[in-house]
>>> print(open('coords.json').read())   # JSON, C-alpha atoms and all ligand atoms
[["chain", "number", "residue", "atom", "x", "y", "z"],
["A", 1, "MET", "CA", -12.08, -1.24, 14.16],
["A", 2, "LYS", "CA", -11.45, -0.20, 10.56],
["A", 3, "VAL", "CA", -10.39, -2.72, 7.92],
["A", 4, "VAL", "CA", -8.77, -1.34, 4.77],
["A", 5, "SER", "CA", -7.09, -3.06, 1.87],
["A", 6, "THR", "CA", -5.64, -0.27, -0.25],
["A", 7, "VAL", "CA", -2.23, 1.26, 0.36],
["A", 8, "ALA", "CA", -3.64, 4.78, -0.08],
["A", 9, "GLU", "CA", -6.35, 4.34, 2.60],
["A", 10, "ALA", "CA", -3.95, 2.71, 5.04],
["A", 11, "TYR", "CA", -1.28, 5.38, 4.64],
["A", 12, "ALA", "CA", -3.80, 8.24, 4.85],
["A", 13, "LEU", "CA", -5.24, 6.98, 8.14],
["A", 14, "VAL", "CA", -1.91, 6.37, 9.88],
["A", 15, "ASP", "CA", -0.45, 9.62, 8.55],
["A", 16, "HIS", "CA", -3.50, 11.49, 9.85],
["A", 17, "TRP", "CA", -3.16, 9.91, 13.30],
["A", 18, "ARG", "CA", 0.56, 10.65, 13.43],
["A", 19, "ARG", "CA", -0.12, 14.31, 12.60],
["A", 20, "GLY", "CA", -2.48, 14.35, 15.58],
["A", 21, "SER", "CA", 0.49, 13.30, 17.78],
["A", 22, "MET", "CA", -0.90, 9.81, 18.33],
["A", 23, "ARG", "CA", 1.57, 7.09, 19.21],
["A", 24, "ILE", "CA", 0.98, 4.26, 16.74],
["A", 25, "GLY", "CA", 1.86, 0.62, 17.34],
["A", 26, "LEU", "CA", 2.17, -1.83, 14.45],
["A", 27, "VAL", "CA", 1.75, -5.61, 14.55],
["A", 28, "PRO", "CA", 2.61, -7.20, 11.19],
["A", 29, "THR", "CA", 1.21, -10.72, 10.75],
["A", 30, "MET", "CA", 0.45, -13.30, 8.11],
["A", 31, "GLY", "CA", -2.92, -14.09, 9.70],
["A", 32, "ALA", "CA", -3.99, -17.48, 11.13],
["A", 33, "LEU", "CA", -3.74, -15.60, 14.38],
["A", 34, "HIS", "CA", -3.23, -17.20, 17.78],
["A", 35, "GLU", "CA", -2.61, -16.05, 21.31],
["A", 36, "GLY", "CA", 1.00, -15.15, 20.42],
["A", 37, "HIS", "CA", -0.23, -12.56, 17.91],
["A", 38, "TYR", "CA", -2.98, -11.28, 20.20],
["A", 39, "SER", "CA", -0.44, -10.79, 23.00],
["A", 40, "LEU", "CA", 1.53, -8.48, 20.65],
["A", 41, "VAL", "CA", -1.65, -6.54, 19.85],
["A", 42, "ARG", "CA", -2.58, -6.23, 23.53],
["A", 43, "ARG", "CA", 0.92, -5.04, 24.39],
["A", 44, "SER", "CA", 0.73, -2.42, 21.65],
["A", 45, "VAL", "CA", -2.73, -1.35, 22.83],
["A", 46, "SER", "CA", -1.38, -0.90, 26.35],
["A", 47, "GLU", "CA", 1.63, 1.16, 25.19],
["A", 48, "CYS", "CA", 0.27, 3.12, 22.21],
["A", 49, "ASP", "CA", -2.71, 5.35, 21.42],
["A", 50, "LEU", "CA", -3.72, 3.31, 18.39],
["A", 51, "THR", "CA", -2.74, -0.15, 17.17],
["A", 52, "VAL", "CA", -2.55, -1.22, 13.55],
["A", 53, "ALA", "CA", -2.33, -4.89, 12.57],
["A", 54, "THR", "CA", -1.58, -6.24, 9.12],
["A", 55, "ILE", "CA", -2.67, -9.55, 7.61],
["A", 56, "PHE", "CA", -0.77, -10.56, 4.50],
["A", 57, "VAL", "CA", 0.64, -13.95, 3.55],
["A", 58, "ASN", "CA", 3.80, -12.66, 1.93],
["A", 59, "PRO", "CA", 4.71, -14.79, -1.10],
["A", 60, "THR", "CA", 8.30, -13.55, -1.37],
["A", 61, "GLN", "CA", 9.35, -15.08, 1.96],
["A", 62, "PHE", "CA", 8.32, -18.61, 0.96],
["A", 63, "GLY", "CA", 10.58, -20.93, -1.00],
["A", 64, "PRO", "CA", 9.23, -22.68, -4.13],
["A", 65, "HIS", "CA", 8.60, -25.94, -2.21],
["A", 66, "GLU", "CA", 7.32, -24.34, 0.99],
["A", 67, "ASP", "CA", 3.79, -23.96, 2.31],
["A", 68, "PHE", "CA", 2.64, -20.67, 0.75],
["A", 69, "GLY", "CA", -0.30, -22.37, -0.98],
["A", 70, "LYS", "CA", -1.54, -24.20, 2.09],
["A", 71, "TYR", "CA", -0.69, -21.53, 4.70],
["A", 72, "PRO", "CA", -3.90, -21.21, 6.79],
["A", 73, "ARG", "CA", -6.08, -18.25, 5.85],
["A", 74, "THR", "CA", -8.70, -17.49, 8.50],
["A", 75, "LEU", "CA", -9.59, -13.85, 7.86],
["A", 76, "ASP", "CA", -13.02, -13.63, 9.53],
["A", 77, "GLU", "CA", -11.80, -15.27, 12.72],
["A", 78, "ASP", "CA", -8.64, -13.11, 12.70],
["A", 79, "LEU", "CA", -10.65, -9.90, 12.37],
["A", 80, "GLU", "CA", -12.88, -10.88, 15.27],
["A", 81, "GLY", "CA", -9.84, -11.62, 17.44],
["A", 82, "LEU", "CA", -8.11, -8.38, 16.50],
["A", 83, "LYS", "CA", -11.24, -6.42, 17.36],
["A", 84, "SER", "CA", -11.43, -8.05, 20.79],
["A", 85, "ALA", "CA", -7.72, -7.40, 21.36],
["A", 86, "GLY", "CA", -8.26, -3.69, 20.71],
["A", 87, "ALA", "CA", -6.76, -3.05, 17.24],
["A", 88, "ALA", "CA", -7.95, 0.22, 15.68],
["A", 89, "LEU", "CA", -7.04, -0.62, 12.11],
["A", 90, "VAL", "CA", -6.32, -3.78, 10.13],
["A", 91, "PHE", "CA", -4.57, -3.61, 6.78],
["A", 92, "THR", "CA", -5.47, -6.57, 4.55],
["A", 93, "PRO", "CA", -3.83, -5.83, 1.20],
["A", 94, "SER", "CA", -4.17, -7.98, -1.90],
["A", 95, "GLN", "CA", -1.07, -9.50, -3.44],
["A", 96, "SER", "CA", -1.28, -7.10, -6.39],
["A", 97, "ALA", "CA", -1.44, -4.08, -4.08],
["A", 98, "LEU", "CA", 1.97, -4.96, -2.60],
["A", 99, "TYR", "CA", 3.52, -6.74, -5.56],
["A", 100, "PRO", "CA", 2.13, -5.01, -8.64],
["A", 101, "GLU", "CA", 2.88, -6.20, -12.15],
["A", 102, "GLY", "CA", 6.57, -5.58, -12.84],
["A", 103, "PHE", "CA", 7.63, -5.53, -9.17],
["A", 104, "SER", "CA", 11.38, -6.13, -8.98],
["A", 105, "THR", "CA", 12.82, -4.09, -6.11],
["A", 106, "PHE", "CA", 13.97, -6.01, -3.02],
["A", 107, "ILE", "CA", 15.77, -5.20, 0.20],
["A", 108, "GLU", "CA", 19.09, -7.06, 0.34],
["A", 109, "PRO", "CA", 19.03, -8.42, 3.89],
["A", 110, "PRO", "CA", 22.00, -8.01, 6.25],
["A", 111, "SER", "CA", 24.72, -10.68, 6.37],
["A", 112, "ILE", "CA", 23.23, -12.14, 9.55],
["A", 113, "ALA", "CA", 20.39, -13.40, 7.31],
["A", 114, "ALA", "CA", 22.72, -15.80, 5.49],
["A", 115, "ILE", "CA", 23.22, -18.22, 8.41],
["A", 116, "LEU", "CA", 20.86, -20.68, 10.18],
["A", 117, "GLU", "CA", 17.39, -20.04, 8.63],
["A", 118, "GLY", "CA", 19.18, -18.41, 5.69],
["A", 119, "VAL", "CA", 20.95, -21.67, 4.87],
["A", 120, "HIS", "CA", 17.78, -23.75, 4.99],
["A", 121, "ARG", "CA", 15.35, -21.18, 3.61],
["A", 122, "PRO", "CA", 17.34, -19.28, 0.98],
["A", 123, "GLY", "CA", 15.65, -16.01, 0.05],
["A", 124, "HIS", "CA", 13.36, -16.11, 3.12],
["A", 125, "PHE", "CA", 14.84, -13.07, 4.84],
["A", 126, "ARG", "CA", 15.06, -11.14, 1.58],
["A", 127, "GLY", "CA", 11.28, -11.51, 1.40],
["A", 128, "VAL", "CA", 10.83, -10.65, 5.08],
["A", 129, "ALA", "CA", 13.12, -7.59, 4.90],
["A", 130, "THR", "CA", 11.31, -6.39, 1.79],
["A", 131, "ILE", "CA", 7.76, -6.79, 3.09],
["A", 132, "VAL", "CA", 8.52, -5.38, 6.53],
["A", 133, "THR", "CA", 10.23, -2.33, 5.02],
["A", 134, "LYS", "CA", 7.24, -1.82, 2.72],
["A", 135, "LEU", "CA", 4.80, -2.10, 5.65],
["A", 136, "PHE", "CA", 6.86, 0.43, 7.63],
["A", 137, "GLN", "CA", 6.51, 2.85, 4.69],
["A", 138, "ILE", "CA", 2.80, 2.29, 4.19],
["A", 139, "LEU", "CA", 2.00, 2.38, 7.93],
["A", 140, "PRO", "CA", 4.44, 4.89, 9.46],
["A", 141, "ALA", "CA", 4.04, 3.71, 13.06],
["A", 142, "ASN", "CA", 6.19, 4.69, 16.05],
["A", 143, "VAL", "CA", 6.84, 1.16, 17.20],
["A", 144, "ALA", "CA", 6.51, -2.33, 15.70],
["A", 145, "TYR", "CA", 5.98, -5.44, 17.83],
["A", 146, "PHE", "CA", 7.58, -8.77, 16.92],
["A", 147, "GLY", "CA", 7.62, -12.07, 18.78],
["A", 148, "LEU", "CA", 10.89, -13.55, 20.02],
["A", 149, "LYS", "CA", 9.75, -16.92, 18.68],
["A", 150, "ASP", "CA", 11.19, -15.86, 15.30],
["A", 151, "TYR", "CA", 14.46, -14.92, 16.95],
["A", 152, "GLN", "CA", 16.61, -14.56, 13.84],
["A", 153, "GLN", "CA", 13.84, -12.66, 12.06],
["A", 154, "LEU", "CA", 13.87, -10.16, 14.90],
["A", 155, "VAL", "CA", 17.66, -9.77, 14.71],
["A", 156, "VAL", "CA", 17.46, -9.30, 10.93],
["A", 157, "ILE", "CA", 14.66, -6.71, 11.18],
["A", 158, "ARG", "CA", 16.52, -4.77, 13.86],
["A", 159, "ARG", "CA", 19.60, -4.66, 11.62],
["A", 160, "VAL", "CA", 17.55, -3.54, 8.59],
["A", 161, "VAL", "CA", 15.96, -0.75, 10.64],
["A", 162, "GLU", "CA", 19.33, 0.38, 11.92],
["A", 163, "ASP", "CA", 21.15, 0.09, 8.59],
["A", 164, "LEU", "CA", 18.44, 1.90, 6.62],
["A", 165, "ASN", "CA", 17.76, 4.50, 9.36],
["A", 166, "LEU", "CA", 14.09, 3.61, 9.40],
["A", 167, "PRO", "CA", 12.29, 5.82, 11.95],
["A", 168, "ILE", "CA", 10.58, 3.05, 13.89],
["A", 169, "LEU", "CA", 11.28, 1.32, 17.18],
["A", 170, "ILE", "CA", 11.39, -2.48, 17.17],
["A", 171, "GLN", "CA", 9.89, -4.01, 20.31],
["A", 172, "PRO", "CA", 10.63, -7.71, 20.93],
["A", 173, "CYS", "CA", 7.95, -9.62, 22.86],
["A", 174, "GLU", "CA", 8.10, -12.91, 24.75],
["A", 175, "THR", "CA", 7.09, -16.13, 23.00],
["A", 176, "VAL", "CA", 3.65, -17.33, 24.06],
["A", 177, "ARG", "CA", 3.45, -21.07, 24.79],
["A", 178, "GLU", "CA", 0.81, -23.71, 25.21],
["A", 179, "ARG", "CA", 0.48, -25.10, 28.76],
["A", 180, "ASP", "CA", 2.89, -27.94, 27.97],
["A", 181, "GLY", "CA", 5.54, -25.60, 26.56],
["A", 182, "LEU", "CA", 4.92, -25.83, 22.80],
["A", 183, "ALA", "CA", 5.60, -22.43, 21.26],
["A", 184, "MET", "CA", 2.45, -21.09, 19.60],
["A", 185, "SER", "CA", 2.69, -21.02, 15.82],
["A", 186, "SER", "CA", 0.24, -20.81, 12.95],
["A", 187, "ARG", "CA", 1.96, -23.94, 11.60],
["A", 188, "ASN", "CA", 0.96, -25.98, 14.68],
["A", 189, "ARG", "CA", -2.38, -26.37, 12.88],
["A", 190, "TYR", "CA", -0.67, -28.75, 10.45],
["A", 191, "LEU", "CA", 0.17, -31.24, 13.23],
["A", 192, "SER", "CA", -1.77, -34.48, 13.75],
["A", 193, "GLU", "CA", -2.50, -35.58, 17.32],
["A", 194, "LEU", "CA", 0.63, -37.74, 17.42],
["A", 195, "GLU", "CA", 2.77, -35.07, 15.78],
["A", 196, "ARG", "CA", 1.50, -32.53, 18.32],
["A", 197, "LEU", "CA", 3.13, -34.70, 21.03],
["A", 198, "ALA", "CA", 6.34, -35.05, 19.02],
["A", 199, "ALA", "CA", 6.41, -31.27, 18.52],
["A", 200, "LEU", "CA", 7.24, -30.98, 22.22],
["A", 201, "SER", "CA", 10.68, -32.33, 21.31],
["A", 202, "LEU", "CA", 11.84, -28.77, 20.61],
["A", 203, "HIS", "CA", 10.80, -27.55, 24.04],
["A", 204, "ARG", "CA", 12.39, -30.62, 25.63],
["A", 205, "ALA", "CA", 15.67, -30.11, 23.79],
["A", 206, "LEU", "CA", 15.76, -26.49, 24.98],
["A", 207, "ASN", "CA", 15.14, -27.73, 28.54],
["A", 208, "VAL", "CA", 18.11, -30.09, 28.17],
["A", 209, "ALA", "CA", 20.34, -27.24, 26.97],
["A", 210, "GLU", "CA", 19.24, -24.97, 29.79],
["A", 211, "LYS", "CA", 19.82, -27.66, 32.40],
["A", 212, "MET", "CA", 23.33, -28.34, 31.11],
["A", 213, "VAL", "CA", 24.22, -24.64, 31.14],
["A", 214, "THR", "CA", 22.76, -24.24, 34.64],
["A", 215, "ARG", "CA", 24.88, -27.17, 35.84],
["A", 216, "GLY", "CA", 28.00, -25.49, 34.55],
["A", 217, "CYS", "CA", 28.59, -27.14, 31.18],
["A", 218, "CYS", "CA", 30.09, -24.57, 28.86],
["A", 219, "VAL", "CA", 31.21, -26.72, 25.91],
["A", 220, "VAL", "CA", 28.90, -25.70, 23.07],
["A", 221, "ALA", "CA", 29.40, -28.89, 21.00],
["A", 222, "GLU", "CA", 28.34, -31.07, 23.95],
["A", 223, "ILE", "CA", 25.18, -29.07, 24.50],
["A", 224, "GLU", "CA", 24.33, -29.07, 20.79],
["A", 225, "GLN", "CA", 24.77, -32.85, 20.64],
["A", 226, "ALA", "CA", 22.53, -33.28, 23.67],
["A", 227, "MET", "CA", 19.83, -31.12, 22.05],
["A", 228, "GLU", "CA", 19.98, -33.24, 18.87],
["A", 229, "LYS", "CA", 19.75, -36.44, 20.87],
["A", 230, "GLU", "CA", 16.68, -35.19, 22.75],
["A", 231, "LEU", "CA", 15.04, -33.94, 19.55],
["A", 232, "TYR", "CA", 15.28, -37.33, 17.86],
["A", 233, "ALA", "CA", 14.42, -39.21, 21.07],
["A", 234, "SER", "CA", 11.21, -37.26, 21.54],
["A", 235, "GLY", "CA", 9.90, -37.42, 18.01],
["A", 236, "ALA", "CA", 11.52, -34.99, 15.58],
["A", 237, "ASN", "CA", 12.25, -36.74, 12.29],
["A", 238, "HIS", "CA", 14.74, -34.26, 10.83],
["A", 239, "ILE", "CA", 16.84, -31.48, 12.31],
["A", 240, "ASP", "CA", 17.81, -28.46, 10.22],
["A", 241, "TYR", "CA", 19.85, -27.07, 13.10],
["A", 242, "ALA", "CA", 20.14, -27.15, 16.89],
["A", 243, "ARG", "CA", 22.71, -24.53, 17.74],
["A", 244, "LEU", "CA", 23.96, -22.39, 20.57],
["A", 245, "VAL", "CA", 25.08, -18.99, 19.25],
["A", 246, "ASP", "CA", 25.86, -15.49, 20.44],
["A", 247, "ALA", "CA", 22.56, -13.93, 21.49],
["A", 248, "GLU", "CA", 23.21, -10.66, 19.71],
["A", 249, "THR", "CA", 25.25, -11.47, 16.61],
["A", 250, "LEU", "CA", 24.22, -15.14, 16.19],
["A", 251, "ALA", "CA", 27.91, -15.87, 15.72],
["A", 252, "THR", "CA", 29.23, -19.39, 16.33],
["A", 253, "MET", "CA", 30.70, -20.03, 19.79],
["A", 254, "THR", "CA", 32.79, -22.91, 21.06],
["A", 255, "SER", "CA", 32.43, -22.17, 24.76],
["A", 256, "LEU", "CA", 29.90, -20.14, 26.69],
["A", 257, "THR", "CA", 31.76, -16.93, 27.36],
["A", 258, "GLN", "CA", 28.99, -14.46, 26.52],
["A", 259, "PRO", "CA", 25.16, -14.37, 26.52],
["A", 260, "CYS", "CA", 23.89, -16.97, 24.10],
["A", 261, "VAL", "CA", 20.69, -18.34, 22.65],
["A", 262, "ALA", "CA", 19.78, -21.89, 21.72],
["A", 263, "LEU", "CA", 18.06, -21.98, 18.32],
["A", 264, "ILE", "CA", 16.30, -25.01, 16.86],
["A", 265, "ALA", "CA", 14.63, -25.74, 13.53],
["A", 266, "ALA", "CA", 13.33, -29.28, 13.14],
["A", 267, "PHE", "CA", 10.69, -31.25, 11.28],
["A", 268, "VAL", "CA", 7.90, -33.17, 12.90],
["A", 269, "GLY", "CA", 6.29, -35.13, 10.09],
["A", 270, "SER", "CA", 6.32, -32.68, 7.21],
["A", 271, "THR", "CA", 5.90, -29.62, 9.45],
["A", 272, "ARG", "CA", 8.94, -27.44, 10.05],
["A", 273, "LEU", "CA", 8.96, -25.91, 13.53],
["A", 274, "ILE", "CA", 11.33, -23.42, 15.16],
["A", 275, "ASP", "CA", 11.91, -22.49, 18.78],
["A", 276, "ASN", "CA", 14.62, -20.88, 20.87],
["A", 277, "ARG", "CA", 15.64, -19.97, 24.39],
["A", 278, "LEU", "CA", 18.07, -17.47, 25.87],
["A", 279, "MET", "CA", 20.46, -19.39, 28.07],
["A", 280, "PRO", "CA", 21.14, -18.35, 31.67],
["A", 281, "TYR", "CA", 24.35, -16.32, 31.84],
["A", 301, "LIG", "O1", 6.53, -13.20, 11.36],
["A", 301, "LIG", "C1", 5.69, -13.13, 10.44],
["A", 301, "LIG", "O2", 4.51, -13.46, 10.58],
["A", 301, "LIG", "C2", 6.13, -12.61, 9.07],
["A", 301, "LIG", "O3", 7.43, -13.03, 8.77],
["A", 301, "LIG", "C3", 6.00, -11.08, 8.95],
["A", 301, "LIG", "C4", 6.92, -10.37, 9.91],
["A", 301, "LIG", "C5", 4.56, -10.67, 9.20],
["A", 301, "LIG", "C6", 6.38, -10.66, 7.53],
["A", 301, "LIG", "O4", 5.57, -11.25, 6.58]]
>>> encode(input="coords.json", output="structure tokens", more="lines below")
Ligand code: PAF
Amino acid sequence: MKVVSTVAEAYALVDHWRRGSMRIGLVPTMGALHEGHYSLVRRSVSECDLTVATIFVNPTQFGPHEDFGKYPRTLDEDLEGLKSAGAALVFTPSQSALYPEGFSTFIEPPSIAAILEGVHRPGHFRGVATIVTKLFQILPANVAYFGLKDYQQLVVIRRVVEDLNLPILIQPCETVRERDGLAMSSRNRYLSELERLAALSLHRALNVAEKMVTRGCCVVAEIEQAMEKELYASGANHIDYARLVDAETLATMTSLTQPCVALIAAFVGSTRLIDNRLMPY
């Protein structure tokens, strides 16, 4: 496995492989890797000739009071894991390589970025759209793998790729969960033992929503209220949102007349967690 940190080296390698008709899979990450990330890498390895992973904690997607400074950085461990998972190349750029002095060009994200996460994390998707577009330029892969855990991120990236005619396929991949249902996340490392239990509140609230839909409830407001109740009852201390929205457009719905997804962002202690589930339809 090669590890490179300059844009020139990374581009040259991927360009060379593409010219040799290799199918290249890309797994962009911010490091602090867990089984969710490795499952993306393994999927890429099984579907592509060569897999490229990136590790870069992207400053432009963090708000001024968010956790950029304390985001876990575990490079040695990550590289070991990526090697075992079968990555051929890892791109580990410095901040100045991607955001040189004078940097001021951003991708204006699609309108779908303004709701939900966009309300609570203003500027987040502008940073995501910008970094992902830059990575797609530097590492011209055939297909990029993203986890469904960041559901709105996936919808935003798909829209950016379509709107800007970027020549890359976006492959969504299932969320990987702990045995008890907690969605894997690099931010789970922030949780104390007690908070780890309370973090299950998101999974429980999604179970409640699914059960209600399965039993025939189709009034969105009732299901959203029930999710909120469960979140607080099982340990969340603040809810940013617990919504049921159109699975494709993330548009608001009042009754369940088309495929929809339940999306939650809530705090457990000072840790902000997100999770989601497609509802049976
Ligand atoms: O999902 C993430 O880890 C990040 O948002 C991404 C896509 C790597 C961009 O920094």
>>> residues_around(input="coords.json", residues="Val90 (chain A)", least_positions_apart="4", cutoff="8 Å", atoms="all atoms listed in the file", output="short mmCIF file (atom, residue, chain, number, x, y, z; two decimals) with C-alpha atoms, keeping the file's coordinate frame")
data_model
loop_
_atom_site.label_atom_id
_atom_site.label_comp_id
_atom_site.auth_asym_id
_atom_site.auth_seq_id
_atom_site.Cartn_x
_atom_site.Cartn_y
_atom_site.Cartn_z
CA MET A 1 -12.08 -1.24 14.16
CA LYS A 2 -11.45 -0.20 10.56
CA VAL A 3 -10.39 -2.72 7.92
CA VAL A 4 -8.77 -1.34 4.77
CA VAL A 52 -2.55 -1.22 13.55
CA ALA A 53 -2.33 -4.89 12.57
CA THR A 54 -1.58 -6.24 9.12
CA ILE A 55 -2.67 -9.55 7.61
CA LEU A 79 -10.65 -9.90 12.37
#
>>> residues_near_ligand(input="coords.json", ligand="ligand LIG 301 (chain A)", cutoff="6 Å", atoms="all atoms listed in the file", output="list in words")
Pro28, Thr29, Met30, Asn58, Val128 and Val132 of chain A
>>> closest_residue(input="coords.json", among="A:Ser255, A:Thr92, A:Thr74, A:Thr60", to="Gly216 (chain A)", atoms="all atoms listed in the file")
A:Ser255
>>> atom_distance(input="coords.json", atom1="CA of Ser201 (chain A)", atom2="CA of Ala233 (chain A)")
7.8 Å
>>> residues_around(input="coords.json", residues="Ala144 (chain A)", least_positions_apart="2", cutoff="8 Å", atoms="all atoms listed in the file", output="list in words")
Gly25, Leu26, Val27, Pro28, Ala141, Asn142, Phe146, Ile168, Leu169, Ile170 and Gln171 of chain A
>>> residues_around(input="coords.json", residues="Gly36 (chain A)", least_positions_apart="4", cutoff="8 Å", atoms="all atoms listed in the file", output="NGL selection string")
:A and (40 or 147 or 175-177 or 184-185)
>>> residues_near_point(input="coords.json", point="(11.1, -7.2, 2.5)", cutoff="12 Å", atoms="only C-alpha atoms", output="PyMOL selection string")
chain A and resi 58-62+98-99+104-110+123-137+153+156-157+160-161
>>> atom_distance(input="coords.json", atom1="CA of Val208 (chain A)", atom2="CA of Leu182 (chain A)")
14.9 Å
>>> atom_distance(input="coords.json", atom1="CA of Ala12 (chain A)", atom2="CA of Phe103 (chain A)")
22.7 Å
>>> residues_near_point(input="coords.json", point="(3.1, -33.6, 2.6)", cutoff="10 Å", atoms="only C-alpha atoms", output="compact mmCIF listing (two decimals) with C-alpha atoms, keeping the file's coordinate frame")
# COMPACT_ATOMS: atom_id res chain seq x y z
CA ASP A 67 3.79 -23.96 2.31
CA TYR A 190 -0.67 -28.75 10.45
CA GLY A 269 6.29 -35.13 10.09
CA SER A 270 6.32 -32.68 7.21
CA THR A 271 5.90 -29.62 9.45
>>> closest_residue(input="coords.json", among="A:Gln152, A:Gln95, A:Gln225, A:Ser44", to="Ile115 (chain A)", atoms="all atoms listed in the file")
A:Gln152
>>> closest_residue(input="coords.json", among="A:Asp150, A:Glu193, A:Asp163, A:Asp180", to="Ile264 (chain A)", atoms="all atoms listed in the file")
A:Asp150
>>> closest_residue(input="coords.json", among="A:Ala251, A:Ala97, A:Leu194, A:Met279", to="Ile138 (chain A)", atoms="only C-alpha atoms")
A:Ala97
>>> closest_residue(input="coords.json", among="A:Val57, A:Ile239, A:Leu231, A:Ala8", to="Ser186 (chain A)", atoms="only C-alpha atoms")
A:Val57
>>> residues_around(input="coords.json", residues="Ala247 (chain A)", least_positions_apart="5", cutoff="8 Å", atoms="all atoms listed in the file", output="ChimeraX atom specification")
/A:259-261,278
>>> closest_residue(input="coords.json", among="A:Pro280, A:Arg196, A:Cys173, A:Ile112", to="Cys217 (chain A)", atoms="all atoms listed in the file")
A:Pro280
>>> decode(input="coords.json", residues="region 174-179 of chain A", atoms="all heavy atoms", output="PDB file, in the first residue's frame")
ATOM      1  N   GLU A 174     -24.478   0.564   3.085  1.00  0.00           N
ATOM      2  CA  GLU A 174     -25.235   0.414   4.333  1.00  0.00           C
ATOM      3  C   GLU A 174     -24.446   0.908   5.550  1.00  0.00           C
ATOM      4  O   GLU A 174     -23.228   0.722   5.622  1.00  0.00           O
ATOM      5  CB  GLU A 174     -25.566  -1.063   4.569  1.00  0.00           C
ATOM      6  CG  GLU A 174     -26.742  -1.584   3.758  1.00  0.00           C
ATOM      7  CD  GLU A 174     -28.003  -0.740   3.900  1.00  0.00           C
ATOM      8  OE1 GLU A 174     -28.323  -0.335   5.032  1.00  0.00           O
ATOM      9  OE2 GLU A 174     -28.636  -0.466   2.866  1.00  0.00           O
ATOM     10  N   THR A 175     -25.164   1.470   6.503  1.00  0.00           N
ATOM     11  CA  THR A 175     -24.564   1.867   7.778  1.00  0.00           C
ATOM     12  C   THR A 175     -24.123   0.617   8.546  1.00  0.00           C
ATOM     13  O   THR A 175     -24.867  -0.362   8.596  1.00  0.00           O
ATOM     14  CB  THR A 175     -25.624   2.621   8.624  1.00  0.00           C
ATOM     15  OG1 THR A 175     -26.046   3.756   7.874  1.00  0.00           O
ATOM     16  CG2 THR A 175     -25.074   3.056   9.969  1.00  0.00           C
ATOM     17  N   VAL A 176     -22.943   0.684   9.119  1.00  0.00           N
ATOM     18  CA  VAL A 176     -22.481  -0.445   9.946  1.00  0.00           C
ATOM     19  C   VAL A 176     -22.763  -0.090  11.413  1.00  0.00           C
ATOM     20  O   VAL A 176     -22.522   1.039  11.846  1.00  0.00           O
ATOM     21  CB  VAL A 176     -20.983  -0.723   9.720  1.00  0.00           C
ATOM     22  CG1 VAL A 176     -20.496  -1.846  10.616  1.00  0.00           C
ATOM     23  CG2 VAL A 176     -20.742  -1.059   8.253  1.00  0.00           C
ATOM     24  N   ARG A 177     -23.306  -1.063  12.147  1.00  0.00           N
ATOM     25  CA  ARG A 177     -23.751  -0.812  13.522  1.00  0.00           C
ATOM     26  C   ARG A 177     -23.023  -1.706  14.509  1.00  0.00           C
ATOM     27  O   ARG A 177     -22.589  -2.804  14.159  1.00  0.00           O
ATOM     28  CB  ARG A 177     -25.264  -1.070  13.634  1.00  0.00           C
ATOM     29  CG  ARG A 177     -26.064  -0.092  12.828  1.00  0.00           C
ATOM     30  CD  ARG A 177     -27.552  -0.340  12.834  1.00  0.00           C
ATOM     31  NE  ARG A 177     -28.152   0.677  11.965  1.00  0.00           N
ATOM     32  CZ  ARG A 177     -28.381   1.933  12.339  1.00  0.00           C
ATOM     33  NH1 ARG A 177     -28.132   2.288  13.574  1.00  0.00           N
ATOM     34  NH2 ARG A 177     -28.858   2.817  11.485  1.00  0.00           N
ATOM     35  N   GLU A 178     -22.945  -1.215  15.747  1.00  0.00           N
ATOM     36  CA  GLU A 178     -22.487  -2.067  16.836  1.00  0.00           C
ATOM     37  C   GLU A 178     -23.575  -3.119  17.070  1.00  0.00           C
ATOM     38  O   GLU A 178     -24.707  -2.955  16.617  1.00  0.00           O
ATOM     39  CB  GLU A 178     -22.298  -1.242  18.120  1.00  0.00           C
ATOM     40  CG  GLU A 178     -21.386  -0.043  17.985  1.00  0.00           C
ATOM     41  CD  GLU A 178     -19.909  -0.393  17.960  1.00  0.00           C
ATOM     42  OE1 GLU A 178     -19.564  -1.592  18.102  1.00  0.00           O
ATOM     43  OE2 GLU A 178     -19.102   0.523  17.789  1.00  0.00           O
ATOM     44  N   ARG A 179     -23.241  -4.168  17.831  1.00  0.00           N
ATOM     45  CA  ARG A 179     -24.194  -5.250  18.102  1.00  0.00           C
ATOM     46  C   ARG A 179     -25.542  -4.755  18.619  1.00  0.00           C
ATOM     47  O   ARG A 179     -26.594  -5.291  18.307  1.00  0.00           O
ATOM     48  CB  ARG A 179     -23.648  -6.173  19.185  1.00  0.00           C
ATOM     49  CG  ARG A 179     -22.854  -7.322  18.683  1.00  0.00           C
ATOM     50  CD  ARG A 179     -22.048  -7.875  19.848  1.00  0.00           C
ATOM     51  NE  ARG A 179     -21.187  -8.936  19.361  1.00  0.00           N
ATOM     52  CZ  ARG A 179     -21.476 -10.211  19.456  1.00  0.00           C
ATOM     53  NH1 ARG A 179     -22.592 -10.600  20.017  1.00  0.00           N
ATOM     54  NH2 ARG A 179     -20.656 -11.122  18.989  1.00  0.00           N
TER      55      ARG A 179
END
